[in-house]
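One structure is given below, encoded as structure tokens.
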Amino acid sequence: SNYQLMREYLAQVLITEVEEFIPLWNKRILDVGGARGEFCRIINKERNCDIINLDPYPEEPLVWKTKIGFADNIPFKDNEFDVVICREVLEHIPNEKQQQSINELYRVTKKGGICYIAIPPWYNPYAGHNLKPFHIFPFKLAKFLRQLFFRNKINTNSFKEENLYPITFKKILKMISLTNFKIIAIKDTHFRLHFLTKIPLIREIMVPTVVFILIKR
């Protein structure tokens, strides 16, 4: 119940933040890495838009129409979507494919369209998923501490098996700079303390999820 309420809340946040720059009514939208399609369902209900969920391994049961595909090789044409969403996906993409994934988000976004990217900066205590807050340590130590303090059974033996790859505020800024996206807003999704996103080092630690709102030039 709490999980579903949080999804509803974050979808409403997304709608509000994107609509500072573009209305979502009747727009063509792609949600990259949308799992079961919950965000697609909520956004469609609120804004009656043509929205597609893209995921390589969609979770069951699906709640929205889903096309199978990877972020680094999106199976759609250039300039096809008014809005492209990529929420907390890049940290699950191998480091060597992260830049290509950003490039693909750029490619399928229409000129003048919006791309909404959210990441948990690696050094934030919440960024480590099953290993948080010890994920900043080498894997074996992180696994030991997580099991010791939280009594969680972790059956994986590497960050790769956990499907977890570091991505920092600094790194994503560099990757965005290698496209022709323009950053038009940076947001603190959870605490709404947006000023923290402007402070180097602090923003790497204190912001659980940072959102970059981009426009394709």
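Chain labels A, B, ... are given in the sequence in which chains occur in the structure tokens; within each chain residues are numbered consecutively from 1, and ligands are likewise numbered from 1 in the order shown.
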| Spatial neighbours of Glu46 in chain A, 9 Å, only C-alpha atoms, chain gap at least 5 places, as a ChimeraX atom specification | /A:12,15,25,41
| Contacts of range 199-208 of chain A at 9 Å or less, counting only C-alpha atoms, minus same-chain residues fewer than 3 places along, as a list of chain:residue names? |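 What passes the distance filter is A:Ile119, A:Pro120, A:Pro121, A:Trp122, A:Tyr123, A:Asn124, A:Pro125, A:Tyr126, A:Ala127, A:Thr168, A:Phe169, A:Lys170, A:Asp188, A:Thr189, A:His190, A:Phe191, A:Leu193, A:His194, A:Phe195, A:Leu196.
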Output N, CA, C and O atoms of each residue in that selection to a file, as a PDB file, in the first residue's frame.
```pdb
ATOM      1  N   ILE A 119      18.154  10.241 -11.121  1.00  0.00           N
ATOM      2  CA  ILE A 119      19.143   9.286 -10.617  1.00  0.00           C
ATOM      3  C   ILE A 119      19.279   9.441  -9.102  1.00  0.00           C
ATOM      4  O   ILE A 119      19.065  10.530  -8.568  1.00  0.00           O
ATOM      5  N   PRO A 120      19.678   8.377  -8.411  1.00  0.00           N
ATOM      6  CA  PRO A 120      20.097   8.515  -7.020  1.00  0.00           C
ATOM      7  C   PRO A 120      21.622   8.673  -6.999  1.00  0.00           C
ATOM      8  O   PRO A 120      22.348   7.720  -7.316  1.00  0.00           O
ATOM      9  N   PRO A 121      22.164   9.858  -6.684  1.00  0.00           N
ATOM     10  CA  PRO A 121      23.618  10.017  -6.678  1.00  0.00           C
ATOM     11  C   PRO A 121      24.277   8.968  -5.777  1.00  0.00           C
ATOM     12  O   PRO A 121      23.820   8.721  -4.660  1.00  0.00           O
ATOM     13  N   TRP A 122      25.340   8.367  -6.264  1.00  0.00           N
ATOM     14  CA  TRP A 122      25.927   7.172  -5.672  1.00  0.00           C
ATOM     15  C   TRP A 122      26.295   7.328  -4.199  1.00  0.00           C
ATOM     16  O   TRP A 122      26.190   6.390  -3.418  1.00  0.00           O
ATOM     17  N   TYR A 123      26.723   8.513  -3.804  1.00  0.00           N
ATOM     18  CA  TYR A 123      27.205   8.692  -2.429  1.00  0.00           C
ATOM     19  C   TYR A 123      26.094   9.059  -1.448  1.00  0.00           C
ATOM     20  O   TYR A 123      26.354   9.261  -0.271  1.00  0.00           O
ATOM     21  N   ASN A 124      24.855   9.108  -1.937  1.00  0.00           N
ATOM     22  CA  ASN A 124      23.742   9.280  -1.015  1.00  0.00           C
ATOM     23  C   ASN A 124      23.459   7.953  -0.314  1.00  0.00           C
ATOM     24  O   ASN A 124      23.509   6.902  -0.935  1.00  0.00           O
ATOM     25  N   PRO A 125      23.145   7.967   0.985  1.00  0.00           N
ATOM     26  CA  PRO A 125      22.927   6.713   1.717  1.00  0.00           C
ATOM     27  C   PRO A 125      21.833   5.820   1.148  1.00  0.00           C
ATOM     28  O   PRO A 125      21.847   4.613   1.375  1.00  0.00           O
ATOM     29  N   TYR A 126      20.881   6.397   0.389  1.00  0.00           N
ATOM     30  CA  TYR A 126      19.763   5.616  -0.123  1.00  0.00           C
ATOM     31  C   TYR A 126      20.015   5.033  -1.517  1.00  0.00           C
ATOM     32  O   TYR A 126      19.166   4.322  -2.052  1.00  0.00           O
ATOM     33  N   ALA A 127      21.167   5.313  -2.101  1.00  0.00           N
ATOM     34  CA  ALA A 127      21.396   4.963  -3.502  1.00  0.00           C
ATOM     35  C   ALA A 127      21.730   3.495  -3.724  1.00  0.00           C
ATOM     36  O   ALA A 127      21.709   3.026  -4.862  1.00  0.00           O
ATOM     37  N   THR A 168      27.085   9.307 -10.519  1.00  0.00           N
ATOM     38  CA  THR A 168      27.149  10.471  -9.647  1.00  0.00           C
ATOM     39  C   THR A 168      26.574  11.699 -10.338  1.00  0.00           C
ATOM     40  O   THR A 168      26.368  11.704 -11.559  1.00  0.00           O
ATOM     41  N   PHE A 169      26.357  12.727  -9.562  1.00  0.00           N
ATOM     42  CA  PHE A 169      25.901  14.011 -10.098  1.00  0.00           C
ATOM     43  C   PHE A 169      26.907  14.513 -11.138  1.00  0.00           C
ATOM     44  O   PHE A 169      26.539  14.925 -12.244  1.00  0.00           O
ATOM     45  N   LYS A 170      28.181  14.457 -10.768  1.00  0.00           N
ATOM     46  CA  LYS A 170      29.246  14.940 -11.664  1.00  0.00           C
ATOM     47  C   LYS A 170      29.267  14.165 -12.977  1.00  0.00           C
ATOM     48  O   LYS A 170      29.396  14.744 -14.062  1.00  0.00           O
ATOM     49  N   ASP A 188      15.299  18.402  -6.542  1.00  0.00           N
ATOM     50  CA  ASP A 188      15.365  17.403  -5.482  1.00  0.00           C
ATOM     51  C   ASP A 188      13.959  16.825  -5.356  1.00  0.00           C
ATOM     52  O   ASP A 188      13.054  17.467  -4.817  1.00  0.00           O
ATOM     53  N   THR A 189      13.781  15.609  -5.878  1.00  0.00           N
ATOM     54  CA  THR A 189      12.438  15.029  -5.954  1.00  0.00           C
ATOM     55  C   THR A 189      11.823  14.754  -4.595  1.00  0.00           C
ATOM     56  O   THR A 189      10.637  14.994  -4.385  1.00  0.00           O
ATOM     57  N   HIS A 190      12.603  14.263  -3.649  1.00  0.00           N
ATOM     58  CA  HIS A 190      12.040  13.782  -2.390  1.00  0.00           C
ATOM     59  C   HIS A 190      11.834  14.885  -1.358  1.00  0.00           C
ATOM     60  O   HIS A 190      10.732  15.082  -0.856  1.00  0.00           O
ATOM     61  N   PHE A 191      12.890  15.594  -1.024  1.00  0.00           N
ATOM     62  CA  PHE A 191      12.798  16.579   0.053  1.00  0.00           C
ATOM     63  C   PHE A 191      12.387  17.961  -0.446  1.00  0.00           C
ATOM     64  O   PHE A 191      12.048  18.831   0.355  1.00  0.00           O
ATOM     65  N   LEU A 193      14.216  20.238  -1.543  1.00  0.00           N
ATOM     66  CA  LEU A 193      15.223  21.239  -1.162  1.00  0.00           C
ATOM     67  C   LEU A 193      16.105  21.489  -2.386  1.00  0.00           C
ATOM     68  O   LEU A 193      17.273  21.099  -2.445  1.00  0.00           O
ATOM     69  N   HIS A 194      15.533  22.164  -3.373  1.00  0.00           N
ATOM     70  CA  HIS A 194      16.182  22.278  -4.674  1.00  0.00           C
ATOM     71  C   HIS A 194      17.518  23.009  -4.611  1.00  0.00           C
ATOM     72  O   HIS A 194      18.397  22.774  -5.449  1.00  0.00           O
ATOM     73  N   PHE A 195      17.697  23.881  -3.636  1.00  0.00           N
ATOM     74  CA  PHE A 195      18.945  24.626  -3.518  1.00  0.00           C
ATOM     75  C   PHE A 195      20.136  23.692  -3.281  1.00  0.00           C
ATOM     76  O   PHE A 195      21.280  24.018  -3.636  1.00  0.00           O
ATOM     77  N   LEU A 196      19.868  22.505  -2.703  1.00  0.00           N
ATOM     78  CA  LEU A 196      20.961  21.565  -2.452  1.00  0.00           C
ATOM     79  C   LEU A 196      21.592  21.075  -3.751  1.00  0.00           C
ATOM     80  O   LEU A 196      22.774  20.717  -3.781  1.00  0.00           O
TER      81      LEU A 196
END
```
| said: Ranking A:Asp55, A:Glu17, A:Glu104, A:Glu38 by minimum distance to Val84 in chain A and counting only C-alpha atoms, which one comes first? | reply: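 Selected residue with least distance to Val84 in chain A: A:Glu104.
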| Per-residue DSSP, range 28-167 of chain A, filtered to helix (DSSP H, G or I), as a PyMOL selection string | chain A and resi 38-47+90-92+95-108+129-131+139-150
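Comparing the minimum interatomic distances between Ile43 in chain A and each of A:Phe21, A:Lys143, A:Arg7, A:Ala71, counting only C-alpha atoms, we find that A:Arg7 sits nearest.
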| request: Quick one: pick out all strand (DSSP E) residues within range 121-185 of chain A from a backbone DSSP run and write them as number ranges by chain. | output: A: 181-185
| request: Name the closest residue to Val13 in chain A among the candidates A:Ile167, A:Leu62, A:Ala35, A:Ile42; distances are taken between atoms, counting only C-alpha atoms. | output: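 For Val13 in chain A, the nearest of the given residues is A:Ile42.
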| If we count only C-alpha atoms, what is near Asn157 in chain A at a cut-off of 8 Å, once residues fewer than 3 positions away on the same chain are taken out, given as a VMD selection string? | chain A and resid 139 to 140 161 to 162
Could the residues in this selection be written to a file with C-alpha atoms, as an mmCIF file, in the first residue's frame?
```cif
data_model
loop_
_atom_site.group_PDB
_atom_site.id
_atom_site.type_symbol
_atom_site.label_atom_id
_atom_site.label_comp_id
_atom_site.auth_asym_id
_atom_site.auth_seq_id
_atom_site.Cartn_x
_atom_site.Cartn_y
_atom_site.Cartn_z
ATOM 1 C CA PHE A 139 31.124 -5.275 -2.453
ATOM 2 C CA LYS A 140 32.193 -7.947 0.046
ATOM 3 C CA GLU A 161 24.981 -9.393 -10.004
ATOM 4 C CA GLU A 162 23.073 -6.802 -7.975
#
```
| Residues at most 10 Å from Gln100 in chain A, counting only C-alpha atoms, excluding those fewer than 4 positions away in the same chain, as a PyMOL selection string? | chain A and resi 71-73+95-96+104-106+175
Just write the chosen residues, N, CA, C and O atoms, as a short mmCIF file (atom, residue, chain, number, x, y, z; two decimals), in the first residue's frame.
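The result, stored in again.cif:
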```cif
data_model
loop_
_atom_site.label_atom_id
_atom_site.label_comp_id
_atom_site.auth_asym_id
_atom_site.auth_seq_id
_atom_site.Cartn_x
_atom_site.Cartn_y
_atom_site.Cartn_z
N ALA A 71 17.64 0.59 -22.91
CA ALA A 71 17.85 2.04 -22.99
C ALA A 71 18.97 2.41 -23.95
O ALA A 71 18.93 3.49 -24.55
N ASP A 72 19.96 1.55 -24.12
CA ASP A 72 21.08 1.87 -25.01
C ASP A 72 20.80 1.51 -26.46
O ASP A 72 21.64 1.72 -27.33
N ASN A 73 19.61 0.99 -26.73
CA ASN A 73 19.21 0.65 -28.11
C ASN A 73 17.69 0.73 -28.20
O ASN A 73 17.01 -0.27 -28.38
N ASN A 95 28.30 0.65 -16.72
CA ASN A 95 28.97 1.93 -16.93
C ASN A 95 29.27 2.21 -18.40
O ASN A 95 29.11 3.34 -18.87
N GLU A 96 29.70 1.18 -19.11
CA GLU A 96 30.10 1.37 -20.50
C GLU A 96 28.90 1.63 -21.42
O GLU A 96 29.09 2.02 -22.58
N GLU A 104 20.71 7.78 -26.68
CA GLU A 104 19.47 7.25 -27.22
C GLU A 104 18.26 8.05 -26.72
O GLU A 104 17.31 8.30 -27.48
N LEU A 105 18.29 8.47 -25.46
CA LEU A 105 17.21 9.33 -24.95
C LEU A 105 17.13 10.60 -25.79
O LEU A 105 16.05 11.08 -26.14
N TYR A 106 18.29 11.14 -26.11
CA TYR A 106 18.35 12.35 -26.94
C TYR A 106 17.79 12.07 -28.33
O TYR A 106 16.99 12.84 -28.87
N MET A 175 27.90 13.49 -18.97
CA MET A 175 27.25 12.74 -20.04
C MET A 175 26.23 13.60 -20.78
O MET A 175 26.13 13.54 -22.01
#
```
| message | With only C-alpha atoms as the counted atoms, please give the residues lying no more than 9 Å from Ile186 in chain A, apart from itself and same-chain residues fewer than 4 positions off, as a count of residues only. | response | 8
| said: Here is a test: counting only C-alpha atoms, which residue of A:Cys86, A:Cys40, A:Ile51, A:Leu131 is nearest to Ile154 in chain A? | reply: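 The answer is A:Leu131, which sits nearest to Ile154 in chain A.
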| request: Give the answer as one residue: which of A:Lys132, A:Lys216, A:Leu90, A:Tyr116 has the shortest atom-to-atom distance to Lys171 in chain A, using only C-alpha atoms? | output: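 Ranked by minimum distance to Lys171 in chain A, first place goes to A:Leu90.
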| query | Out of A:Arg28, A:Phe137, A:Thr209, A:Gln147, which residue has the shortest atom-to-atom distance to Arg192 in chain A when counting only C-alpha atoms? | reply | A:Thr209
| So how many Å separate CA of Glu59 in chain A and CA of Arg36 in chain A, to one decimal? | 5.0 Å
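Atom to atom, CA of Gly69 in chain A and CA of Ile117 in chain A stand 17.7 Å apart.
Of note, CA of Lys97 in chain A and CA of Leu178 in chain A are spaced 14.0 Å apart.
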